[in-house]
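coords-v5.cif, holding mmCIF, C-alpha atoms (C1' of nucleotides):
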```cif
data_my_file
loop_
_atom_site.label_atom_id
_atom_site.label_comp_id
_atom_site.auth_asym_id
_atom_site.auth_seq_id
_atom_site.Cartn_x
_atom_site.Cartn_y
_atom_site.Cartn_z
CA MET A 1393 31.96 -67.26 78.79
CA THR A 1394 28.88 -68.21 76.90
CA THR A 1395 28.96 -64.83 75.18
CA SER A 1396 29.65 -64.60 71.46
CA THR A 1397 29.69 -68.34 71.05
CA ARG A 1398 27.56 -69.30 68.11
CA ARG A 1399 24.83 -71.75 69.15
CA HIS A 1400 23.56 -74.60 67.00
CA GLY A 1401 20.73 -77.09 66.61
CA GLU A 1402 18.98 -78.21 69.75
CA GLU A 1403 20.59 -75.66 72.01
CA LEU A 1404 19.61 -72.81 69.76
CA GLU A 1405 16.06 -74.02 69.43
CA ALA A 1406 15.68 -74.27 73.18
CA ALA A 1407 16.89 -70.70 73.54
CA ILE A 1408 14.35 -69.55 70.98
CA ARG A 1409 11.49 -71.33 72.69
CA ALA A 1410 12.58 -69.87 76.01
CA ALA A 1411 12.60 -66.42 74.45
CA VAL A 1412 9.03 -66.92 73.25
CA LEU A 1413 7.88 -67.92 76.73
CA ASP A 1414 9.68 -64.98 78.30
CA LEU A 1415 7.90 -62.60 75.99
CA VAL A 1416 4.54 -64.21 76.69
CA ARG A 1417 5.12 -63.83 80.40
CA GLU A 1418 6.36 -60.29 80.29
CA ARG A 1419 4.32 -58.65 77.58
CA GLY A 1420 1.65 -61.09 76.45
CA ALA A 1421 1.30 -63.26 73.39
CA SER A 1422 0.84 -60.28 71.09
CA ALA A 1423 4.40 -59.23 71.92
CA VAL A 1424 5.70 -62.42 70.35
CA THR A 1425 6.79 -60.93 67.04
CA MET A 1426 9.53 -62.46 64.97
CA GLU A 1427 11.66 -59.39 65.54
CA ALA A 1428 11.18 -59.49 69.30
CA VAL A 1429 11.89 -63.21 69.55
CA ALA A 1430 15.05 -62.90 67.48
CA ALA A 1431 16.28 -60.02 69.60
CA ARG A 1432 15.41 -61.74 72.84
CA ALA A 1433 17.12 -64.98 71.87
CA ARG A 1434 20.07 -63.02 70.47
CA THR A 1435 19.67 -64.53 67.05
CA SER A 1436 18.16 -63.36 63.78
CA LYS A 1437 14.94 -63.69 61.84
CA PRO A 1438 16.23 -65.99 59.13
CA VAL A 1439 17.14 -68.48 61.83
CA LEU A 1440 13.51 -68.48 62.95
CA TYR A 1441 12.13 -68.82 59.45
CA ARG A 1442 14.50 -71.70 58.77
CA ARG A 1443 12.69 -73.69 61.48
CA TRP A 1444 9.13 -72.42 61.58
CA PRO A 1445 7.08 -71.36 58.55
CA ASP A 1446 5.52 -68.37 60.26
CA ARG A 1447 4.79 -66.60 63.49
CA ALA A 1448 1.77 -68.75 64.37
CA ALA A 1449 3.74 -71.96 64.04
CA LEU A 1450 6.49 -70.73 66.33
CA LEU A 1451 4.06 -69.57 68.99
CA ARG A 1452 2.10 -72.82 68.77
CA ASP A 1453 5.22 -74.93 69.10
CA ALA A 1454 6.60 -73.07 72.10
CA LEU A 1455 3.28 -72.92 73.94
CA LEU A 1456 2.46 -76.58 73.36
CA ALA A 1457 5.88 -77.76 74.46
CA ALA A 1458 5.57 -75.80 77.69
CA ALA A 1459 2.00 -76.90 78.37
CA THR A 1460 2.79 -80.55 77.76
CA ALA A 1461 5.57 -80.45 80.30
CA ALA A 1462 3.12 -79.14 82.88
CA ILE A 1463 0.81 -82.15 83.12
CA PRO A 1464 1.02 -83.80 86.53
CA HIS A 1465 0.85 -87.56 87.17
CA ALA A 1466 0.36 -89.53 90.33
CA ASP A 1467 0.03 -93.06 91.66
CA THR A 1468 0.16 -92.85 95.44
CA GLY A 1469 -1.96 -95.85 96.29
CA SER A 1470 -5.13 -94.02 97.27
CA TYR A 1471 -7.69 -91.96 95.43
CA ARG A 1472 -7.36 -89.08 97.85
CA GLY A 1473 -3.59 -89.15 97.60
CA ASP A 1474 -3.62 -89.33 93.81
CA MET A 1475 -6.05 -86.46 93.50
CA LEU A 1476 -4.17 -84.31 95.98
CA ALA A 1477 -0.96 -84.92 94.05
CA VAL A 1478 -2.48 -84.21 90.64
CA LEU A 1479 -4.29 -81.09 91.75
CA HIS A 1480 -1.28 -79.81 93.65
CA GLY A 1481 0.62 -80.24 90.41
CA TRP A 1482 -1.91 -78.16 88.52
CA ALA A 1483 -2.11 -75.59 91.29
CA ASP A 1484 1.66 -75.20 91.19
CA ALA A 1485 1.61 -74.71 87.45
CA MET A 1486 -1.22 -72.21 87.72
CA THR A 1487 0.46 -70.11 90.37
CA GLY A 1488 4.04 -70.28 89.17
CA GLU A 1489 5.92 -69.08 86.14
CA LEU A 1490 3.82 -71.26 83.91
CA ALA A 1491 0.55 -69.54 84.75
CA PRO A 1492 0.72 -66.83 82.06
CA VAL A 1493 1.73 -69.48 79.56
CA LEU A 1494 -1.28 -71.64 80.32
CA VAL A 1495 -3.54 -68.61 80.00
CA ALA A 1496 -1.90 -67.73 76.72
CA VAL A 1497 -2.42 -71.23 75.34
CA VAL A 1498 -6.13 -71.10 75.98
CA ALA A 1499 -6.41 -67.54 74.71
CA ALA A 1500 -4.52 -68.37 71.53
CA THR A 1501 -6.75 -71.37 71.04
CA ALA A 1502 -9.57 -68.95 70.30
CA GLU A 1503 -7.89 -67.71 67.15
CA ASP A 1504 -5.83 -70.68 66.05
CA PRO A 1505 -7.82 -73.82 65.28
CA GLU A 1506 -4.66 -75.75 64.61
CA LEU A 1507 -3.40 -74.96 68.10
CA ALA A 1508 -6.78 -75.81 69.55
CA ALA A 1509 -6.75 -79.23 67.92
CA ALA A 1510 -3.18 -79.98 68.97
CA PHE A 1511 -3.79 -78.80 72.52
CA ARG A 1512 -6.94 -80.86 72.90
CA ASP A 1513 -5.62 -83.99 71.25
CA GLY A 1514 -2.25 -83.83 72.90
CA VAL A 1515 -2.27 -82.12 76.25
CA ILE A 1516 -5.90 -82.48 77.27
CA GLY A 1517 -6.44 -85.88 75.69
CA TRP A 1518 -3.46 -87.27 77.48
CA ARG A 1519 -4.66 -85.82 80.77
CA LYS A 1520 -8.07 -87.41 80.27
CA GLU A 1521 -6.49 -90.81 79.90
CA GLU A 1522 -4.34 -90.36 82.99
CA MET A 1523 -7.36 -89.35 85.00
CA GLY A 1524 -9.39 -92.23 83.63
CA GLU A 1525 -6.75 -94.68 84.77
CA LEU A 1526 -6.47 -93.02 88.15
CA ILE A 1527 -10.21 -93.43 88.65
CA ALA A 1528 -10.16 -97.01 87.39
CA ARG A 1529 -7.54 -97.87 90.00
CA ALA A 1530 -9.68 -96.27 92.68
CA VAL A 1531 -12.73 -98.21 91.55
CA ALA A 1532 -10.72 -101.42 91.63
CA ARG A 1533 -9.69 -100.64 95.21
CA GLY A 1534 -13.31 -100.00 96.15
CA GLU A 1535 -12.70 -96.36 97.04
CA VAL A 1536 -14.88 -95.10 94.25
CA ARG A 1537 -18.31 -96.37 93.30
CA PRO A 1538 -18.20 -98.28 90.02
CA ASP A 1539 -21.05 -96.33 88.45
CA VAL A 1540 -19.38 -92.96 88.98
CA PRO A 1541 -19.80 -90.70 85.92
CA VAL A 1542 -16.20 -90.86 84.81
CA HIS A 1543 -16.35 -88.09 82.23
CA LEU A 1544 -17.41 -85.68 84.99
CA ALA A 1545 -15.28 -87.04 87.80
CA ARG A 1546 -12.10 -86.87 85.79
CA GLU A 1547 -12.43 -83.18 85.00
CA LEU A 1548 -14.09 -81.91 88.14
CA GLY A 1549 -11.06 -80.88 90.14
CA GLN A 1550 -9.19 -79.37 87.21
CA SER A 1551 -12.30 -77.48 86.14
CA LEU A 1552 -12.41 -75.56 89.39
CA LEU A 1553 -8.75 -74.61 89.07
CA TRP A 1554 -9.00 -73.60 85.39
CA HIS A 1555 -12.09 -71.57 86.22
CA ARG A 1556 -10.18 -69.56 88.78
CA LEU A 1557 -7.20 -69.12 86.50
CA LEU A 1558 -9.15 -68.10 83.42
CA VAL A 1559 -12.50 -66.73 84.47
CA SER A 1560 -12.86 -65.54 88.03
CA GLY A 1561 -9.26 -64.69 88.75
CA ASP A 1562 -9.75 -65.90 92.33
CA PRO A 1563 -6.63 -67.10 94.10
CA ILE A 1564 -5.40 -70.68 93.94
CA ASP A 1565 -3.50 -72.22 96.83
CA ASP A 1566 -2.83 -75.51 98.59
CA ALA A 1567 -5.68 -75.10 101.04
CA LEU A 1568 -8.04 -74.79 98.11
CA VAL A 1569 -6.79 -78.05 96.65
CA VAL A 1570 -7.41 -79.90 99.90
CA GLU A 1571 -10.87 -78.40 100.13
CA ILE A 1572 -11.70 -79.44 96.57
CA VAL A 1573 -10.65 -83.00 97.25
CA ASP A 1574 -12.38 -83.37 100.60
CA GLU A 1575 -15.50 -81.30 100.05
CA VAL A 1576 -16.18 -81.99 96.39
CA LEU A 1577 -14.39 -84.96 94.89
CA LEU A 1578 -14.82 -87.40 97.75
CA PRO A 1579 -18.55 -86.77 98.22
CA VAL A 1580 -19.16 -87.12 94.48
CA VAL A 1581 -17.20 -90.28 94.12
CA ARG A 1582 -18.15 -92.08 97.33
CA ALA A 1583 -20.69 -94.88 97.34
CA ARG A 1584 -24.09 -93.49 98.27
CA MET B 1156 -35.91 -49.31 52.76
CA THR B 1157 -33.50 -48.80 55.57
CA THR B 1158 -30.78 -48.08 53.02
CA SER B 1159 -29.21 -44.66 52.80
CA THR B 1160 -30.90 -43.41 55.93
CA ARG B 1161 -28.41 -41.77 58.20
CA ARG B 1162 -28.49 -43.31 61.70
CA HIS B 1163 -27.95 -41.42 64.96
CA GLY B 1164 -27.18 -41.83 68.64
CA GLU B 1165 -28.38 -44.99 70.31
CA GLU B 1166 -29.36 -46.76 67.12
CA LEU B 1167 -25.99 -46.15 65.55
CA GLU B 1168 -24.12 -47.29 68.61
CA ALA B 1169 -26.09 -50.51 68.72
CA ALA B 1170 -25.24 -51.17 65.08
CA ILE B 1171 -21.55 -50.63 65.82
CA ARG B 1172 -21.54 -52.98 68.77
CA ALA B 1173 -23.36 -55.56 66.68
CA ALA B 1174 -20.74 -55.18 63.98
CA VAL B 1175 -18.00 -55.84 66.51
CA LEU B 1176 -19.70 -59.00 67.71
CA ASP B 1177 -20.25 -60.18 64.14
CA LEU B 1178 -16.57 -59.80 63.40
CA VAL B 1179 -15.59 -61.62 66.58
CA ARG B 1180 -17.86 -64.50 65.63
CA GLU B 1181 -16.79 -64.72 62.04
CA ARG B 1182 -13.10 -63.95 62.09
CA GLY B 1183 -12.00 -63.68 65.71
CA ALA B 1184 -11.16 -60.77 67.93
CA SER B 1185 -8.06 -59.89 65.94
CA ALA B 1186 -10.30 -59.06 62.99
CA VAL B 1187 -11.89 -56.27 64.99
CA THR B 1188 -9.97 -53.39 63.43
CA MET B 1189 -11.41 -49.91 63.29
CA GLU B 1190 -11.56 -50.13 59.51
CA ALA B 1191 -13.39 -53.45 59.55
CA VAL B 1192 -15.90 -52.33 62.17
CA ALA B 1193 -16.65 -49.14 60.28
CA ALA B 1194 -17.16 -51.04 57.05
CA ARG B 1195 -19.27 -53.72 58.68
CA ALA B 1196 -21.52 -51.19 60.42
CA ARG B 1197 -21.66 -49.10 57.26
CA THR B 1198 -20.27 -46.07 58.97
CA SER B 1199 -16.84 -44.41 59.17
CA LYS B 1200 -13.85 -44.32 61.45
CA PRO B 1201 -14.38 -40.81 62.81
CA VAL B 1202 -17.76 -41.95 64.09
CA LEU B 1203 -16.01 -44.66 66.08
CA TYR B 1204 -13.33 -42.38 67.44
CA ARG B 1205 -15.98 -39.88 68.50
CA ARG B 1206 -17.33 -42.50 70.91
CA TRP B 1207 -14.41 -44.68 71.92
CA PRO B 1208 -10.85 -43.49 72.51
CA ASP B 1209 -9.23 -46.46 70.81
CA ARG B 1210 -9.63 -49.98 69.51
CA ALA B 1211 -9.24 -51.63 72.90
CA ALA B 1212 -12.01 -49.53 74.43
CA LEU B 1213 -14.44 -50.37 71.66
CA LEU B 1214 -13.75 -54.09 71.89
CA ARG B 1215 -13.99 -54.03 75.67
CA ASP B 1216 -17.29 -52.19 75.58
CA ALA B 1217 -18.93 -54.48 73.03
CA LEU B 1218 -17.70 -57.68 74.66
CA LEU B 1219 -18.70 -56.66 78.17
CA ALA B 1220 -22.16 -55.54 77.11
CA ALA B 1221 -22.76 -58.87 75.42
CA ALA B 1222 -21.35 -60.91 78.29
CA THR B 1223 -23.39 -59.05 80.89
CA ALA B 1224 -26.58 -59.78 79.03
CA ALA B 1225 -25.76 -63.48 79.14
CA ILE B 1226 -25.90 -64.02 82.90
CA PRO B 1227 -28.81 -66.28 83.85
CA HIS B 1228 -30.95 -65.88 86.99
CA ALA B 1229 -33.42 -68.21 88.64
CA ASP B 1230 -35.73 -68.51 91.61
CA THR B 1231 -37.83 -71.60 91.09
CA GLY B 1232 -38.42 -72.56 94.70
CA SER B 1233 -35.98 -75.47 94.90
CA TYR B 1234 -32.23 -75.79 94.80
CA ARG B 1235 -32.37 -78.36 92.06
CA GLY B 1236 -34.73 -76.25 89.98
CA ASP B 1237 -32.66 -73.12 90.45
CA MET B 1238 -29.45 -74.83 89.50
CA LEU B 1239 -30.98 -76.49 86.48
CA ALA B 1240 -32.30 -73.14 85.30
CA VAL B 1241 -29.03 -71.30 85.86
CA LEU B 1242 -26.89 -73.96 84.23
CA HIS B 1243 -29.28 -74.34 81.32
CA GLY B 1244 -28.93 -70.61 80.85
CA TRP B 1245 -25.15 -70.88 80.73
CA ALA B 1246 -25.29 -73.94 78.52
CA ASP B 1247 -27.51 -72.07 76.07
CA ALA B 1248 -25.11 -69.14 75.99
CA MET B 1249 -22.15 -71.46 75.52
CA THR B 1250 -23.69 -73.36 72.63
CA GLY B 1251 -25.42 -70.53 70.81
CA GLU B 1252 -24.31 -67.43 69.00
CA LEU B 1253 -22.82 -66.05 72.16
CA ALA B 1254 -20.28 -68.83 72.56
CA PRO B 1255 -17.50 -67.27 70.46
CA VAL B 1256 -18.09 -64.00 72.25
CA LEU B 1257 -17.66 -65.57 75.68
CA VAL B 1258 -14.47 -67.25 74.51
CA ALA B 1259 -13.24 -63.95 73.12
CA VAL B 1260 -13.90 -62.15 76.39
CA VAL B 1261 -11.77 -64.58 78.35
CA ALA B 1262 -9.07 -64.62 75.69
CA ALA B 1263 -8.94 -60.83 75.55
CA THR B 1264 -8.73 -60.75 79.32
CA ALA B 1265 -5.24 -62.23 79.00
CA GLU B 1266 -3.92 -59.11 77.28
CA ASP B 1267 -6.17 -56.37 78.63
CA PRO B 1268 -6.02 -55.90 82.40
CA GLU B 1269 -8.69 -53.25 82.24
CA LEU B 1270 -11.07 -55.69 80.59
CA ALA B 1271 -10.11 -58.36 83.09
CA ALA B 1272 -10.95 -56.10 86.01
CA ALA B 1273 -14.26 -54.98 84.51
CA PHE B 1274 -15.23 -58.52 83.62
CA ARG B 1275 -14.42 -59.88 87.05
CA ASP B 1276 -15.94 -57.02 89.00
CA GLY B 1277 -19.00 -56.72 86.84
CA VAL B 1278 -20.01 -59.93 85.18
CA ILE B 1279 -18.40 -62.50 87.44
CA GLY B 1280 -18.87 -60.57 90.66
CA TRP B 1281 -22.54 -60.16 89.97
CA ARG B 1282 -22.87 -63.87 89.20
CA LYS B 1283 -21.16 -64.75 92.47
CA GLU B 1284 -23.71 -62.75 94.40
CA GLU B 1285 -26.61 -64.32 92.58
CA MET B 1286 -25.28 -67.77 93.29
CA GLY B 1287 -24.61 -66.88 96.90
CA GLU B 1288 -28.22 -65.85 97.35
CA LEU B 1289 -29.47 -68.93 95.55
CA ILE B 1290 -27.51 -71.10 97.96
CA ALA B 1291 -28.64 -69.08 100.98
CA ARG B 1292 -32.26 -69.67 99.99
CA ALA B 1293 -31.55 -73.39 99.67
CA VAL B 1294 -29.90 -73.49 103.07
CA ALA B 1295 -32.88 -71.68 104.58
CA ARG B 1296 -35.19 -74.30 103.09
CA GLY B 1297 -33.03 -77.07 104.53
CA GLU B 1298 -32.09 -78.47 101.11
CA VAL B 1299 -28.45 -77.61 101.54
CA ARG B 1300 -26.33 -78.20 104.60
CA PRO B 1301 -25.51 -74.95 106.36
CA ASP B 1302 -21.76 -75.60 106.48
CA VAL B 1303 -21.45 -76.11 102.74
CA PRO B 1304 -18.31 -74.43 101.36
CA VAL B 1305 -20.14 -71.64 99.55
CA HIS B 1306 -17.18 -70.35 97.55
CA LEU B 1307 -16.83 -73.78 95.97
CA ALA B 1308 -20.49 -74.66 95.64
CA ARG B 1309 -21.36 -71.45 93.87
CA GLU B 1310 -18.82 -71.94 91.08
CA LEU B 1311 -18.87 -75.70 90.74
CA GLY B 1312 -21.48 -76.09 88.01
CA GLN B 1313 -20.27 -73.16 85.95
CA SER B 1314 -16.68 -74.35 86.25
CA LEU B 1315 -17.47 -77.57 84.46
CA LEU B 1316 -19.20 -75.72 81.65
CA TRP B 1317 -16.46 -73.10 81.26
CA HIS B 1318 -13.87 -75.88 81.26
CA ARG B 1319 -15.57 -77.55 78.32
CA LEU B 1320 -16.00 -74.30 76.46
CA LEU B 1321 -12.47 -73.02 76.98
CA VAL B 1322 -10.19 -75.94 77.66
CA SER B 1323 -11.37 -79.36 76.60
CA GLY B 1324 -13.71 -78.37 73.81
CA ASP B 1325 -16.00 -81.22 74.79
CA PRO B 1326 -19.67 -80.79 73.86
CA ILE B 1327 -22.18 -79.08 76.13
CA ASP B 1328 -25.82 -80.08 76.09
CA ASP B 1329 -28.90 -80.31 78.26
CA ALA B 1330 -28.23 -83.89 79.37
CA LEU B 1331 -24.86 -82.75 80.67
CA VAL B 1332 -26.50 -80.05 82.76
CA VAL B 1333 -28.88 -82.54 84.38
CA GLU B 1334 -25.99 -84.86 85.09
CA ILE B 1335 -23.97 -82.10 86.68
CA VAL B 1336 -26.82 -81.17 88.97
CA ASP B 1337 -27.77 -84.70 89.99
CA GLU B 1338 -24.38 -86.36 90.10
CA VAL B 1339 -22.21 -83.53 91.33
CA LEU B 1340 -24.03 -80.59 92.88
CA LEU B 1341 -26.60 -82.49 94.91
CA PRO B 1342 -24.10 -84.94 96.45
CA VAL B 1343 -21.77 -82.08 97.39
CA VAL B 1344 -24.43 -79.94 98.91
CA ARG B 1345 -26.53 -82.56 100.67
CA ALA B 1346 -26.27 -83.11 104.40
CA ARG B 1347 -23.87 -85.96 105.09
"C1'" DT C 426 42.53 -79.29 58.12
"C1'" DC C 427 39.29 -77.37 55.32
"C1'" DA C 428 34.81 -77.33 52.90
"C1'" DG C 429 30.44 -76.16 53.50
"C1'" DC C 430 26.51 -75.65 56.25
"C1'" DA C 431 24.21 -72.87 59.38
"C1'" DG C 432 24.25 -68.70 62.34
"C1'" DG C 433 23.92 -63.90 62.46
"C1'" DA C 434 23.42 -58.82 60.83
"C1'" DA C 435 21.22 -55.61 58.00
"C1'" DA C 436 18.20 -53.90 54.90
"C1'" DC C 437 14.51 -54.64 51.73
"C1'" DG C 438 9.51 -54.09 49.82
"C1'" DC C 439 5.02 -54.74 51.21
"C1'" DA C 440 0.73 -54.61 53.62
"C1'" DA C 441 -2.13 -53.50 57.40
"C1'" DC C 442 -3.83 -50.64 60.68
"C1'" DC C 443 -3.45 -46.87 63.68
"C1'" DG C 444 -5.47 -42.32 64.90
"C1'" DT C 445 -6.24 -37.78 62.49
"C1'" DT C 446 -7.77 -34.29 59.35
"C1'" DT C 447 -10.60 -32.20 55.94
"C1'" DC C 448 -14.65 -31.62 53.67
"C1'" DT C 449 -19.34 -32.58 52.19
"C1'" DT C 450 -24.10 -33.71 53.26
"C1'" DC C 451 -27.90 -35.24 55.89
"C1'" DG C 452 -31.51 -34.61 59.29
"C1'" DG C 453 -33.35 -33.23 63.75
"C1'" DA C 454 -34.23 -29.44 67.08
"C1'" DG C 455 -35.88 -24.99 67.65
"C1'" DC D 1285 -37.65 -23.39 57.40
"C1'" DT D 1286 -33.23 -22.97 58.52
"C1'" DC D 1287 -29.17 -23.87 61.08
"C1'" DC D 1288 -25.92 -26.55 63.36
"C1'" DG D 1289 -24.24 -30.74 65.02
"C1'" DA D 1290 -23.32 -35.18 63.74
"C1'" DA D 1291 -22.73 -38.73 59.92
"C1'" DG D 1292 -20.07 -40.27 56.44
"C1'" DA D 1293 -16.31 -40.43 52.68
"C1'" DA D 1294 -11.67 -40.02 51.62
"C1'" DA D 1295 -7.11 -39.42 52.19
"C1'" DC D 1296 -3.22 -38.48 55.21
"C1'" DG D 1297 1.47 -39.64 57.59
"C1'" DG D 1298 3.41 -42.77 60.61
"C1'" DT D 1299 4.42 -47.06 62.64
"C1'" DT D 1300 4.89 -51.83 62.99
"C1'" DG D 1301 5.54 -56.30 61.68
"C1'" DC D 1302 5.69 -59.60 58.05
"C1'" DG D 1303 8.50 -62.69 55.28
"C1'" DT D 1304 12.63 -62.27 52.14
"C1'" DT D 1305 17.15 -61.43 50.40
"C1'" DT D 1306 22.00 -60.63 50.56
"C1'" DC D 1307 26.18 -61.05 52.48
"C1'" DC D 1308 29.64 -62.30 55.80
"C1'" DT D 1309 31.52 -65.38 59.31
"C1'" DG D 1310 32.39 -69.01 62.53
"C1'" DC D 1311 31.53 -73.73 63.85
"C1'" DT D 1312 31.25 -78.63 62.82
"C1'" DG D 1313 32.00 -82.83 60.87
"C1'" DA D 1314 34.17 -85.50 57.21
#
```
Could you spell out this file's structure in structure tokens?
Amino acid sequence: MTTSTRRHGEELEAAIRAAVLDLVRERGASAVTMEAVAARARTSKPVLYRRWPDRAALLRDALLAAATAAIPHADTGSYRGDMLAVLHGWADAMTGELAPVLVAVVAATAEDPELAAAFRDGVIGWRKEEMGELIARAVARGEVRPDVPVHLARELGQSLLWHRLLVSGDPIDDALVVEIVDEVLLPVVRAR
Amino acid sequence: MTTSTRRHGEELEAAIRAAVLDLVRERGASAVTMEAVAARARTSKPVLYRRWPDRAALLRDALLAAATAAIPHADTGSYRGDMLAVLHGWADAMTGELAPVLVAVVAATAEDPELAAAFRDGVIGWRKEEMGELIARAVARGEVRPDVPVHLARELGQSLLWHRLLVSGDPIDDALVVEIVDEVLLPVVRAR
DNA sequence: TCAGCAGGAAACGCAACCGTTTCTTCGGAG
DNA sequence: CTCCGAAGAAACGGTTGCGTTTCCTGCTGA
């Protein structure tokens, strides 16, 4: 039985963060009230306030932790393989359980400058570096022209996926990823 | 003096919608309370409730009206010219006074399915058609290969701009638009 | 083993905002 | 000119969520 055992430290915190994400998924970020989180995690408000100064900090922490875990990496040996792997990773995140969380992060960004800064420095900044290295490897292998506009190439594939997730609402699937790589990324990146 | 004149009908409604947008810009969508809107528009709550059933409806209405007005069109006679015009239009919207409003629309979409549907059917759907026609004209002129993946090509440029506005926070300017057209759109669309 | 820290339950006062009601006053249509 | 509908001011009760406090209890680590 896990029931009625009093949780501590790391275990308790994980349960709280999970409760936040559950609420985001089921009823949106506005449903993440201190009361609701405490109830959902079967704990109490003072426990929350002992760890996070206020509601915004808790939401920020839980969302960022989840988003960070979602970033895909790849080093398959070819540009096409790397890009397929990375974009499949994003597509999975954007179609699975994490999708509402990713949407919520961006939405919350609009009203929480601190979250915006952390998200862009941490999550997005890290992703930029990964993509930069991926492209550098491809250039070194001669698969990608050396004068490719890196700042565009490294966000092109993800942009299309984010656009569908956030703006158009159009479906995302594996066929789309392949199409993006073969019809968009390769032509852009190929020597002319 | 405009002061102390009692406004009516269309004029009053416009002032209310403007008040909503002002609040969104200055203090975020969560600051759009019925009290705040009434105060800002120098009117009273019953006036609001006479026109909109609740807070969500008012916000939805004001945001959608503003977003709809932002959609750029173009028919310059060339694919490159059309795309430059359309993307410059978006870039202007995303860097000017409308930027926080566009962000707020997408953010609000996450918690208001009715707004999401209206935004995607209306604003985005309309844009898709415009872009489809733009591409069809370009195909007819022989500037674009006939087997171009239209569903990708028509959202490619905008995706990069939306991604910067919503996700990465990276700057948007006219040089970027030119680069997108010349380095991304043209290579993708050109006969191979 | 036992002291004390941290978890958990309950209730608190407070503030904000909802949507409504009442009443007064302006101004536009006939 | 006058009448009626709409504008505007003010206050209402009700709800919700904040962040805090108090108190008890069980787990953990010395």
For DG432 of chain C, which residue out of D:DA1293, D:DC1302, D:DC1287, D:DC1308 is the nearest one, using all atoms listed in the file?
-> D:DC1308
Identify all residues satisfying the PyMOL selection byres ((chain C) within 10 of (chain B)) in the given file; provide them as an mmCIF file with C-alpha atoms (C1' of nucleotides), in the coordinates of the input.
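New file out-v4.cif:
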```cif
data_model
loop_
_atom_site.group_PDB
_atom_site.id
_atom_site.type_symbol
_atom_site.label_atom_id
_atom_site.label_comp_id
_atom_site.auth_asym_id
_atom_site.auth_seq_id
_atom_site.Cartn_x
_atom_site.Cartn_y
_atom_site.Cartn_z
ATOM 1 C "C1'" DA C 441 -2.130 -53.500 57.400
ATOM 2 C "C1'" DC C 442 -3.830 -50.640 60.680
ATOM 3 C "C1'" DC C 443 -3.450 -46.870 63.680
ATOM 4 C "C1'" DG C 444 -5.470 -42.320 64.900
ATOM 5 C "C1'" DT C 445 -6.240 -37.780 62.490
ATOM 6 C "C1'" DT C 446 -7.770 -34.290 59.350
ATOM 7 C "C1'" DC C 451 -27.900 -35.240 55.890
ATOM 8 C "C1'" DG C 452 -31.510 -34.610 59.290
ATOM 9 C "C1'" DG C 453 -33.350 -33.230 63.750
#
```
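Near Ala1508 of chain A, within 10 Å and counting all atoms listed in the file, sit A:Arg1452, A:Val1497, A:Val1498, A:Ala1499, A:Ala1500, A:Thr1501, A:Ala1502, A:Glu1503, A:Asp1504, A:Arg1512, A:Asp1513, A:Gly1514, B:Leu1321, B:Val1322, B:Ser1323, B:Gly1324, not including residues fewer than 4 positions from it in the same chain.
For the structure shown here, the set of residues caught by the PyMOL selection byres ((chain C and resi 433) around 8) is Thr1435 and Ser1436 of chain A; DG432 and DA434 of chain C.
Distance-wise, atom CA of Trp1518 of chain A and atom CA of Asp1467 of chain A end up 15.7 Å apart.
Picked out by the PyMOL selection byres ((chain D) within 9 of (chain B)) when it runs on this file: D:DA1290, D:DA1291, D:DG1292, D:DA1293.
For the set A:Leu1568, A:Ala1528, A:Val1580, A:Ala1485, the residue with the smallest atom-to-atom gap to chain B is A:Val1580, counting all atoms listed in the file.
Remark: for chain A, the closest of the candidate residues B:Ala1295, B:Asp1337, B:Leu1311, B:Ala1222 is B:Leu1311 (distances computed over only C-alpha atoms).
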Between atom CA of His1465 of chain A and atom CA of Glu1522 of chain A, measure the distance and give it in Å to one decimal.
-> 7.2 Å
Using all atoms listed in the file, determine which residues lie at most 10 Å from Leu1490 of chain A, disregarding the query and same-chain residues fewer than 3 positions distant; provide the list as a CSV table (one decimal) with C-alpha atoms, in the frame of the given file.
```csv
chain,number,residue,atom,x,y,z
A,1413,LEU,CA,7.9,-67.9,76.7
A,1417,ARG,CA,5.1,-63.8,80.4
A,1458,ALA,CA,5.6,-75.8,77.7
A,1459,ALA,CA,2.0,-76.9,78.4
A,1462,ALA,CA,3.1,-79.1,82.9
A,1484,ASP,CA,1.7,-75.2,91.2
A,1485,ALA,CA,1.6,-74.7,87.4
A,1486,MET,CA,-1.2,-72.2,87.7
A,1487,THR,CA,0.5,-70.1,90.4
A,1493,VAL,CA,1.7,-69.5,79.6
A,1494,LEU,CA,-1.3,-71.6,80.3
A,1495,VAL,CA,-3.5,-68.6,80.0
A,1496,ALA,CA,-1.9,-67.7,76.7
```
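Proximity of A:Ala1433, A:Ile1527, A:Ala1491, A:Ala1449 to chain B, computed with only C-alpha atoms, is greatest for A:Ala1491.
Using all atoms listed in the file for every distance, the candidate list B:Arg1195, B:Arg1206, B:Ala1308, B:Pro1326 yields B:Ala1308 as the residue closest to chain A.
Proximity to chain A was assessed for B:Pro1227, B:Pro1301, B:Gly1287, B:Gly1280 counting all atoms listed in the file; the smallest distance is recorded for B:Gly1280.
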